[in-house]
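One structure below.
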Amino acid sequence: MADNDLSKIKQDFIEGLSGISQFWGLPKGMGAIFAVLYLAPNPLSLDEIVEQTGLTKGSISTSVRSLSRMGLIHPITRLGDRKDYYEAETDFYRSIRAILKERQSNEFDRAVMSVQQTLERLESGSGKPDPERAFLAERVRALKDFFDALDSLSNAVSRLDSLGLNTIQTVLKILK
């Protein structure tokens, strides 16, 4: 098979997005599903996604619901057809907004609160120097700082969003 064979190129892209998905803490299958849908010129059914990814229909069904909730894919209906079809979101700004909106979910807020509480407990320690406690506090503080940065980014995108997409696109063109 030639290195520039389209099916090989598509497979490499699917594997690449699977790895990116895993890097961001999502199942590899979600990345593969998004990649397959992104490269598809027309909406695909669950059966077609199964065929192209090799994943089980149950796994795909679960991942499709999550991807749809995140705004990364959209269900498509066809009159007279009982199958569900899906297409990928191609507006990356809209995708980023959807992912950051997901950040505002209750589960994420609970996780952030848990990290904050753990840090407070570590920092209100016994008073005497404890290298293990200091190490744990440093690690948990780094995670909290990361979550705070995500929160700031989410708020910034929300504020930009309120200005309107045309304003944002104009600013981005100026920055280029």
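Letters A, B, ... mark the chains of the structure tokens in the order given; residue numbers begin at 1 per chain; ligand numbers begin at 1, in order shown.
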
* To do: May I have the residues within 12 Å of Asp148 of chain A as a list in words, using only C-alpha atoms and disregarding those fewer than 5 positions away in the same chain?
  =>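 Listing them by chain and then by number gives Arg103, Phe108, Asp109, Val112, Met113, Val115, Gln116, Arg141, Ala142, Leu143, Leu153, Ser154 and Asn155 of chain A.
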
Neighbours of segment 33-37 of chain A within 9 Å (only C-alpha atoms; same-chain residues fewer than 5 positions away dropped), as a PDB file with N, CA and C atoms, in the first residue's frame?
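Written out: part.pdb:
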```
ATOM      1  N   LYS A  10      -6.510   8.396   5.608  1.00  0.00           N
ATOM      2  CA  LYS A  10      -7.677   8.506   6.487  1.00  0.00           C
ATOM      3  C   LYS A  10      -7.446   7.741   7.781  1.00  0.00           C
ATOM      4  N   GLN A  11      -6.910   6.525   7.676  1.00  0.00           N
ATOM      5  CA  GLN A  11      -6.666   5.708   8.868  1.00  0.00           C
ATOM      6  C   GLN A  11      -5.661   6.380   9.797  1.00  0.00           C
ATOM      7  N   PHE A  13      -5.130   9.585  10.043  1.00  0.00           N
ATOM      8  CA  PHE A  13      -5.825  10.730  10.636  1.00  0.00           C
ATOM      9  C   PHE A  13      -6.720  10.279  11.785  1.00  0.00           C
ATOM     10  N   ILE A  14      -7.449   9.198  11.572  1.00  0.00           N
ATOM     11  CA  ILE A  14      -8.339   8.653  12.604  1.00  0.00           C
ATOM     12  C   ILE A  14      -7.524   8.245  13.830  1.00  0.00           C
ATOM     13  N   GLU A  15      -6.408   7.574  13.619  1.00  0.00           N
ATOM     14  CA  GLU A  15      -5.548   7.183  14.737  1.00  0.00           C
ATOM     15  C   GLU A  15      -4.963   8.401  15.445  1.00  0.00           C
ATOM     16  N   GLY A  16      -4.619   9.431  14.665  1.00  0.00           N
ATOM     17  CA  GLY A  16      -4.092  10.655  15.256  1.00  0.00           C
ATOM     18  C   GLY A  16      -5.109  11.344  16.147  1.00  0.00           C
ATOM     19  N   LEU A  17      -6.352  11.463  15.675  1.00  0.00           N
ATOM     20  CA  LEU A  17      -7.382  12.093  16.502  1.00  0.00           C
ATOM     21  C   LEU A  17      -7.752  11.220  17.697  1.00  0.00           C
ATOM     22  N   SER A  18      -7.620   9.917  17.551  1.00  0.00           N
ATOM     23  CA  SER A  18      -7.840   9.031  18.699  1.00  0.00           C
ATOM     24  C   SER A  18      -6.822   9.332  19.788  1.00  0.00           C
ATOM     25  N   LYS A  28     -10.451   7.018  23.403  1.00  0.00           N
ATOM     26  CA  LYS A  28      -9.896   7.022  22.049  1.00  0.00           C
ATOM     27  C   LYS A  28     -10.999   6.884  21.007  1.00  0.00           C
ATOM     28  N   ASN A  42     -20.843  13.129   3.763  1.00  0.00           N
ATOM     29  CA  ASN A  42     -22.269  13.071   4.080  1.00  0.00           C
ATOM     30  C   ASN A  42     -22.443  12.491   5.476  1.00  0.00           C
ATOM     31  N   PRO A  43     -23.576  12.781   6.128  1.00  0.00           N
ATOM     32  CA  PRO A  43     -23.833  12.183   7.444  1.00  0.00           C
ATOM     33  C   PRO A  43     -23.780  10.660   7.379  1.00  0.00           C
ATOM     34  N   LEU A  44     -23.319  10.032   8.464  1.00  0.00           N
ATOM     35  CA  LEU A  44     -23.186   8.583   8.529  1.00  0.00           C
ATOM     36  C   LEU A  44     -24.119   8.002   9.582  1.00  0.00           C
ATOM     37  N   ILE A  49     -20.559   4.001  10.926  1.00  0.00           N
ATOM     38  CA  ILE A  49     -19.481   4.374  11.854  1.00  0.00           C
ATOM     39  C   ILE A  49     -18.831   3.117  12.411  1.00  0.00           C
ATOM     40  N   VAL A  50     -19.648   2.104  12.739  1.00  0.00           N
ATOM     41  CA  VAL A  50     -19.115   0.817  13.210  1.00  0.00           C
ATOM     42  C   VAL A  50     -18.166   0.242  12.165  1.00  0.00           C
ATOM     43  N   GLN A  52     -16.473   1.716   9.829  1.00  0.00           N
ATOM     44  CA  GLN A  52     -15.250   2.488   9.587  1.00  0.00           C
ATOM     45  C   GLN A  52     -14.318   2.563  10.797  1.00  0.00           C
ATOM     46  N   THR A  53     -14.858   2.349  12.003  1.00  0.00           N
ATOM     47  CA  THR A  53     -14.002   2.445  13.187  1.00  0.00           C
ATOM     48  C   THR A  53     -13.624   1.091  13.769  1.00  0.00           C
ATOM     49  N   ILE A  60     -20.155   2.959  20.325  1.00  0.00           N
ATOM     50  CA  ILE A  60     -20.379   4.098  19.435  1.00  0.00           C
ATOM     51  C   ILE A  60     -21.615   4.869  19.871  1.00  0.00           C
ATOM     52  N   SER A  63     -20.698   6.955  22.891  1.00  0.00           N
ATOM     53  CA  SER A  63     -19.795   8.045  22.515  1.00  0.00           C
ATOM     54  C   SER A  63     -20.504   9.109  21.689  1.00  0.00           C
ATOM     55  N   VAL A  64     -21.405   8.675  20.818  1.00  0.00           N
ATOM     56  CA  VAL A  64     -22.153   9.614  19.982  1.00  0.00           C
ATOM     57  C   VAL A  64     -23.013  10.533  20.856  1.00  0.00           C
ATOM     58  N   LEU A  67     -20.541  13.040  22.401  1.00  0.00           N
ATOM     59  CA  LEU A  67     -20.061  13.984  21.394  1.00  0.00           C
ATOM     60  C   LEU A  67     -21.160  14.953  20.985  1.00  0.00           C
ATOM     61  N   LEU A  72     -19.939  18.538  19.373  1.00  0.00           N
ATOM     62  CA  LEU A  72     -18.910  18.209  18.392  1.00  0.00           C
ATOM     63  C   LEU A  72     -19.470  17.454  17.189  1.00  0.00           C
ATOM     64  N   ILE A  73     -20.616  16.819  17.375  1.00  0.00           N
ATOM     65  CA  ILE A  73     -21.317  16.191  16.252  1.00  0.00           C
ATOM     66  C   ILE A  73     -22.802  16.518  16.395  1.00  0.00           C
ATOM     67  N   TYR A  86     -25.320  11.062  11.660  1.00  0.00           N
ATOM     68  CA  TYR A  86     -24.566  12.074  12.372  1.00  0.00           C
ATOM     69  C   TYR A  86     -23.558  12.734  11.445  1.00  0.00           C
ATOM     70  N   GLU A  87     -23.269  14.017  11.746  1.00  0.00           N
ATOM     71  CA  GLU A  87     -22.219  14.737  11.034  1.00  0.00           C
ATOM     72  C   GLU A  87     -21.387  15.502  12.050  1.00  0.00           C
ATOM     73  N   ALA A  88     -20.136  15.762  11.704  1.00  0.00           N
ATOM     74  CA  ALA A  88     -19.215  16.470  12.595  1.00  0.00           C
ATOM     75  C   ALA A  88     -19.434  17.973  12.504  1.00  0.00           C
ATOM     76  N   GLU A  89     -19.203  18.646  13.615  1.00  0.00           N
ATOM     77  CA  GLU A  89     -19.180  20.118  13.626  1.00  0.00           C
ATOM     78  C   GLU A  89     -17.896  20.539  12.930  1.00  0.00           C
TER      79      GLU A  89
END
```

* To do: Determine which residues of segment 11-140 of chain A receive a DSSP assignment of helix (DSSP H, G or I), computed from the backbone, and state them as a PyMOL selection string.
  => chain A and resi 11-23+28-39+46-53+57-69+92-103+106-123+131-140

* Using only C-alpha atoms, which of the listed residues (A:Gly25, A:Leu119, A:Lys144, A:Thr90) sits closest to Ala40 of chain A? ->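 Once distances to Ala40 of chain A are computed over only C-alpha atoms, the minimum belongs to A:Thr90.
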
* Which neighbours of segment 81-83 of chain A fall inside 10 Å, counting only C-alpha atoms, when residues of the same chain fewer than 2 positions from it are skipped, and could you give them as a VMD selection string? -> chain A and resid 44 to 47 76 to 79 85

* To do: Pick out the closest residue to Val157 of chain A from this set: A:Ser66, A:Arg94, A:Glu123, A:His74. Count only C-alpha atoms.
  =>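 The closest residue to Val157 of chain A is A:Arg94.
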
* as a count of residues only, please: all residues of chain A that backbone DSSP puts in strand (DSSP E or B). => 10

* Would you mind reading off the distance between atom CA of Lys57 of chain A and atom CA of Ser21 of chain A, one decimal, in Å? => 19.1 Å
